[in-house]
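Novice: Pasting upload-v2.cif below, which is mmCIF, C-alpha atoms and all ligand atoms.
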data_upload
#
loop_
_atom_site.label_atom_id
_atom_site.label_comp_id
_atom_site.auth_asym_id
_atom_site.auth_seq_id
_atom_site.Cartn_x
_atom_site.Cartn_y
_atom_site.Cartn_z
CA MET K 1 20.92 34.83 122.46
CA ARG K 2 17.26 35.63 122.54
CA PHE K 3 15.42 36.54 125.69
CA VAL K 4 11.87 37.27 126.77
CA LEU K 5 10.75 40.19 128.91
CA ASP K 6 7.64 38.91 130.66
CA GLN K 7 5.03 41.57 131.28
CA LEU K 8 7.20 44.41 130.10
CA LEU K 9 4.01 46.48 130.20
CA ASP K 10 1.69 46.20 133.17
CA SER K 11 -1.94 45.51 132.39
CA ALA K 12 -3.18 49.10 132.97
CA VAL K 13 -0.63 50.55 130.51
CA LEU K 14 -1.31 47.73 128.05
CA ILE K 15 -5.09 48.23 128.06
CA GLN K 16 -4.75 51.97 127.59
CA LEU K 17 -2.20 51.53 124.80
CA ARG K 18 -4.38 49.02 122.98
CA GLN K 19 -7.42 51.29 123.31
CA SER K 20 -5.44 54.16 121.77
CA LEU K 21 -4.31 51.96 118.88
CA LEU K 22 -7.88 50.84 118.17
CA SER K 23 -9.35 54.35 118.52
CA SER K 24 -10.33 56.57 115.60
CA GLU K 25 -7.35 58.79 116.45
CA ALA K 26 -4.97 56.09 115.16
CA GLN K 27 -4.00 56.42 111.49
CA TRP K 28 -2.65 53.25 109.86
CA ARG K 29 -0.39 53.24 106.82
CA PRO K 30 0.90 50.46 104.55
CA GLY K 31 3.84 48.69 106.17
CA GLN K 32 5.83 48.67 102.91
CA GLU K 33 6.64 52.34 103.44
CA THR K 34 9.29 51.59 106.05
CA ALA K 35 10.62 48.29 104.66
CA GLY K 36 14.03 47.96 102.98
CA TRP K 37 13.92 47.45 99.18
CA HIS K 38 14.24 43.67 99.55
CA ALA K 39 11.67 43.33 102.32
CA ARG K 40 9.05 45.51 100.62
CA HIS K 41 7.70 42.63 98.55
CA VAL K 42 7.06 40.43 101.55
CA LYS K 43 5.78 42.98 104.08
CA HIS K 44 2.01 42.92 104.25
CA ASN K 45 0.79 44.72 107.33
CA ARG K 46 -0.13 48.21 108.48
CA GLN K 47 1.66 50.50 110.85
CA LEU K 48 0.79 53.53 112.89
CA GLU K 49 1.62 56.87 111.26
CA ARG K 50 4.93 57.82 112.83
CA SER K 51 4.60 61.59 112.54
CA HIS K 52 1.35 61.63 114.53
CA PRO K 53 1.56 62.75 118.20
CA LEU K 54 -0.23 59.53 119.20
CA HIS K 55 2.73 57.52 117.88
CA GLN K 56 5.18 59.64 119.79
CA ARG K 57 3.23 59.32 123.02
CA LEU K 58 2.85 55.54 122.77
CA ALA K 59 6.42 54.96 121.59
CA ALA K 60 7.72 56.93 124.57
CA GLN K 61 5.82 54.57 126.92
CA VAL K 62 7.34 51.46 125.31
CA ASN K 63 10.84 52.94 125.25
CA ALA K 64 10.57 53.94 128.92
CA ALA K 65 9.46 50.42 129.92
CA LEU K 66 12.43 48.91 128.07
CA GLU K 67 14.91 51.40 129.51
CA ALA K 68 13.73 50.60 133.04
CA HIS K 69 13.97 46.81 132.65
CA PRO K 70 17.06 45.31 134.38
CA LEU K 71 17.20 42.19 132.16
CA PHE K 72 17.02 44.35 129.04
CA GLN K 73 19.86 46.53 130.32
CA ALA K 74 22.06 43.57 131.27
CA ALA K 75 21.47 41.46 128.16
CA ALA K 76 21.16 44.11 125.42
CA LEU K 77 23.67 46.68 126.73
CA PRO K 78 21.73 49.37 124.86
CA VAL K 79 23.20 52.57 123.47
CA ARG K 80 19.86 53.49 122.00
CA ILE K 81 16.48 52.07 121.15
CA HIS K 82 15.34 53.21 117.73
CA GLY K 83 12.86 52.88 114.88
CA LEU K 84 9.95 51.85 117.08
CA LEU K 85 6.76 51.24 115.17
CA PHE K 86 3.35 49.82 115.92
CA SER K 87 2.12 47.20 113.50
CA ARG K 88 -1.30 45.78 112.86
CA SER K 89 -2.07 42.64 110.90
CA GLY K 90 -5.51 41.30 110.04
CA PRO K 91 -6.54 38.15 108.18
CA GLY K 92 -4.14 37.35 105.32
CA GLU K 93 -1.55 39.87 106.52
CA GLY K 94 1.94 38.97 107.72
CA TYR K 95 5.57 39.59 106.93
CA GLY K 96 7.55 37.15 104.78
CA ARG K 97 11.11 35.94 105.36
CA HIS K 98 13.67 38.74 105.62
CA VAL K 99 16.62 40.06 107.57
CA ASP K 100 16.40 43.50 109.17
CA ASN K 101 18.62 46.25 107.76
CA ALA K 102 21.99 46.69 109.49
CA PHE K 103 21.73 50.47 109.61
CA MET K 104 18.64 52.58 110.02
CA ALA K 105 18.02 56.27 110.50
CA GLY K 106 18.23 55.83 114.29
CA GLY K 107 21.43 53.77 114.38
CA ARG K 108 22.84 50.26 113.88
CA ALA K 109 20.44 47.37 114.45
CA ASP K 110 22.18 44.81 116.67
CA LEU K 111 19.02 43.51 118.32
CA SER K 112 15.41 43.42 117.16
CA PHE K 113 12.39 43.21 119.41
CA THR K 114 8.72 42.42 119.14
CA LEU K 115 6.37 43.44 121.92
CA PHE K 116 3.10 41.54 121.65
CA LEU K 117 0.11 43.79 122.35
CA SER K 118 -2.86 41.58 121.44
CA ASP K 119 -4.07 38.77 123.62
CA PRO K 120 -2.96 35.50 121.92
CA HIS K 121 -6.60 34.37 121.93
CA ALA K 122 -7.64 37.48 119.98
CA TYR K 123 -6.08 36.20 116.73
CA GLU K 124 -5.04 33.00 114.97
CA GLY K 125 -1.71 32.62 113.17
CA GLY K 126 0.67 35.58 113.36
CA SER K 127 3.58 33.79 115.09
CA LEU K 128 6.99 35.36 114.83
CA LEU K 129 9.24 32.68 113.32
CA LEU K 130 12.96 32.97 114.01
CA GLU K 131 15.41 30.92 111.95
CA ALA K 132 18.22 29.30 113.89
CA PRO K 133 20.65 26.51 112.90
CA ALA K 134 18.51 24.06 114.89
CA GLY K 135 15.38 25.07 112.95
CA GLU K 136 12.60 27.59 113.06
CA GLU K 137 11.33 28.76 116.43
CA ALA K 138 7.76 30.03 116.71
CA VAL K 139 7.19 32.88 119.15
CA ARG K 140 3.74 33.92 120.24
CA LEU K 141 3.73 35.67 123.60
CA ALA K 142 1.19 36.93 126.08
CA ALA K 143 0.07 40.52 125.57
CA GLY K 144 2.55 42.89 127.21
CA SER K 145 5.54 40.53 126.84
CA ALA K 146 8.44 41.05 124.44
CA ILE K 147 11.11 38.97 122.75
CA ILE K 148 14.53 40.42 121.96
CA TYR K 149 16.67 38.59 119.38
CA PRO K 150 19.82 39.22 117.34
CA SER K 151 19.08 41.26 114.20
CA THR K 152 21.34 38.85 112.31
CA LEU K 153 18.58 36.21 112.13
CA LEU K 154 16.28 35.58 109.20
CA HIS K 155 12.71 35.77 110.43
CA ARG K 156 9.10 36.18 109.36
CA VAL K 157 5.63 36.70 110.72
CA GLU K 158 3.26 33.99 109.56
CA PRO K 159 -0.02 35.28 108.09
CA VAL K 160 -2.82 36.04 110.51
CA GLN K 161 -5.79 33.75 109.90
CA SER K 162 -8.38 35.59 111.93
CA GLY K 163 -8.61 38.47 114.38
CA ASP K 164 -6.28 41.39 114.79
CA ARG K 165 -2.59 41.19 115.76
CA LEU K 166 -1.16 44.34 117.31
CA ALA K 167 2.54 44.55 118.10
CA ALA K 168 5.31 47.05 118.62
CA VAL K 169 8.64 46.36 116.95
CA GLY K 170 11.94 48.18 117.17
CA TRP K 171 15.70 47.91 117.24
CA VAL K 172 18.55 48.34 119.65
CA GLN K 173 22.04 49.57 119.00
CA SER K 174 24.15 47.80 121.59
CA ARG K 175 27.46 48.79 123.12
CA VAL K 176 28.62 45.35 121.98
CA ARG K 177 27.84 44.53 118.36
CA ASP K 178 28.76 40.83 118.44
CA ALA K 179 25.97 38.58 119.76
CA ASP K 180 28.40 35.94 121.14
CA HIS K 181 30.31 38.61 123.03
CA ARG K 182 27.08 39.97 124.48
CA GLU K 183 26.14 36.50 125.67
CA LEU K 184 29.50 35.95 127.40
CA LEU K 185 29.21 39.33 129.09
CA PHE K 186 25.67 38.59 130.19
CA ASP K 187 26.76 35.30 131.82
CA LEU K 188 29.62 37.00 133.65
CA ASP K 189 27.38 39.85 134.77
CA THR K 190 24.75 37.41 136.05
CA ALA K 191 27.38 35.38 137.91
CA ARG K 192 28.95 38.43 139.57
CA ARG K 193 25.54 39.69 140.69
CA HIS K 194 24.78 36.31 142.33
CA LEU K 195 28.14 36.42 144.10
CA PHE K 196 27.57 39.97 145.25
CA GLU K 197 24.15 39.11 146.68
CA ARG K 198 25.59 36.20 148.68
CA GLN K 199 28.98 37.48 149.73
CA GLY K 200 29.32 41.17 148.90
CA ASN K 201 32.43 42.33 147.09
CA ARG K 202 34.83 39.60 148.14
CA GLU K 203 37.67 38.19 146.05
CA PRO K 204 35.60 36.04 143.56
CA PHE K 205 33.28 38.97 142.89
CA ASP K 206 36.18 41.33 142.31
CA LEU K 207 37.86 38.98 139.83
CA ILE K 208 34.72 38.24 137.82
CA SER K 209 33.80 41.90 137.90
CA ARG K 210 37.24 42.79 136.60
CA SER K 211 36.92 40.29 133.73
CA TYR K 212 33.45 41.58 132.88
CA THR K 213 34.51 45.22 132.91
CA ASN K 214 37.70 44.67 130.93
CA LEU K 215 35.98 42.54 128.30
CA LEU K 216 33.30 45.21 127.97
CA ARG K 217 36.10 47.75 127.47
CA ARG K 218 37.66 45.51 124.80
CA TRP K 219 34.50 44.52 122.93
CA GLY K 220 32.41 47.65 123.37
CA ASP K 221 32.21 50.46 120.84
NI NI K 301 12.01 42.14 110.66
#
Output the file's structure as structure tokens, nothing else.
Ligand code: NI

Specialist:
Amino acid sequence: MRFVLDQLLDSAVLIQLRQSLLSSEAQWRPGQETAGWHARHVKHNRQLERSHPLHQRLAAQVNAALEAHPLFQAAALPVRIHGLLFSRSGPGEGYGRHVDNAFMAGGRADLSFTLFLSDPHAYEGGSLLLEAPAGEEAVRLAAGSAIIYPSTLLHRVEPVQSGDRLAAVGWVQSRVRDADHRELLFDLDTARRHLFERQGNREPFDLISRSYTNLLRRWGD
């Protein structure tokens, strides 16, 4: 299951974040430095120097926005968000077809996310293309919105044709590693919340809540 967090960042935070990324304080490094050995040949972008205090400050803002988002909590069941990096792609730059590593320094990658930071009109090309059995899905969101998708998918970023594409990407270790299990849990959780809103904790709520909780106990690690 993939899901979109609309306006994860409000416009004031977004504008300030983008200004910081485009300021002279920002140091950009070749993206290949953090790619796995197989993805290194296809990764052609730049990313913000991770050891710089600017990175830490901006990454903390993105992580906090994710942590506070109810849909993110319910659908991703996060243990930790890790590996966040800010990427920048100009004309001719992109990221060829690859799958994200299963394990990274920060933990297991169960879910991947891309937070779009540039206005879609500020660049051409640069769609995130996710491969699914039904075909390739192109994702190109409003600035401040994010897509979260299973890290099991092959994906790529098509080359930017003009302008500047800024994004933040990162990974989530989930309590539930299996994407199908997460989806079932999310449906049950959504259903029990609707019931609770309408009726409080009556019999149907209690039973669905019990199923949700016991499946989480069984599938979670
Ligand atoms: Ni990737």

Novice: How many Å lie between CA of Arg165 (chain K) and CA of Tyr123 (chain K), rounded to one decimal?

Specialist: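 According to the coordinates, CA of Arg165 (chain K) and CA of Tyr123 (chain K) are separated by 6.2 Å.
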
Novice: Give as a list in words the residues surrounding ligand NI 301 (chain K) up to a distance of 10 Å, considering all atoms listed in the file.

Specialist: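 Sorted by chain and then by number, the residues are Ala35, Gly36, Ala39, Lys43, Tyr95, Gly96, Arg97, His98, Val99, Asp100, Asn101, Ser112, Phe113, Thr114, Leu128, Leu130, Ser151, Leu153, Leu154, His155, Arg156, Val157, Val169, Gly170 and Trp171 of chain K.
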
Novice: Those residues you just picked out, can you put them in a file as a compact mmCIF listing (two decimals), in the frame of the given file with C-alpha atoms?

Specialist:
# COMPACT_ATOMS: atom_id res chain seq x y z
CA ALA K 35 10.62 48.29 104.66
CA GLY K 36 14.03 47.96 102.98
CA ALA K 39 11.67 43.33 102.32
CA LYS K 43 5.78 42.98 104.08
CA TYR K 95 5.57 39.59 106.93
CA GLY K 96 7.55 37.15 104.78
CA ARG K 97 11.11 35.94 105.36
CA HIS K 98 13.67 38.74 105.62
CA VAL K 99 16.62 40.06 107.57
CA ASP K 100 16.40 43.50 109.17
CA ASN K 101 18.62 46.25 107.76
CA SER K 112 15.41 43.42 117.16
CA PHE K 113 12.39 43.21 119.41
CA THR K 114 8.72 42.42 119.14
CA LEU K 128 6.99 35.36 114.83
CA LEU K 130 12.96 32.97 114.01
CA SER K 151 19.08 41.26 114.20
CA LEU K 153 18.58 36.21 112.13
CA LEU K 154 16.28 35.58 109.20
CA HIS K 155 12.71 35.77 110.43
CA ARG K 156 9.10 36.18 109.36
CA VAL K 157 5.63 36.70 110.72
CA VAL K 169 8.64 46.36 116.95
CA GLY K 170 11.94 48.18 117.17
CA TRP K 171 15.70 47.91 117.24

Novice: Grab the CA of Pro150 (chain K) to CA of Asp10 (chain K) distance for me, in Å with one decimal place.

Specialist: 25.1 Å

Novice: What's around Pro204 (chain K) at 12 Å? Count only C-alpha atoms, leave out sequence neighbours fewer than 6 positions away in its own chain, and write the answer as a ChimeraX atom specification.

Specialist: /K:188,191-196,198,210-211

Novice: Excluding Asn214 (chain K) and any residue of its chain fewer than 6 positions from it, enumerate the residues within 12 Å of it, using all atoms listed in the file, and give them as JSON, numbers by chain.

Specialist: {"K": [185, 188, 206, 207, 208, 220]}

Novice: At a cut-off of 10 Å, using only C-alpha atoms, what residues contact Ala102 (chain K)? Leave out same-chain residues fewer than 3 positions from it and give the result as a list of chain:residue names.

Specialist: K:Val99, K:Gly107, K:Arg108, K:Ala109, K:Asp110, K:Leu111, K:Ser151, K:Thr152, K:Gln173

Novice: Record the distance separating CA of His55 (chain K) and CA of Ser23 (chain K), expressed in Å with one decimal.

Specialist: 12.5 Å

Novice: Looking at K:His69, K:Arg57, K:His52, K:His41, which one is nearest to Asp6 (chain K), with distances taken over all atoms listed in the file?

Specialist: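 Smallest distance to Asp6 (chain K) is found for K:His69.
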
Novice: If you count only C-alpha atoms, which residues fall within 9 Å of Ala65 (chain K), apart from same-chain ones fewer than 4 positions away, as a PyMOL selection string?

Specialist: chain K and resi 8-9+60-61+69
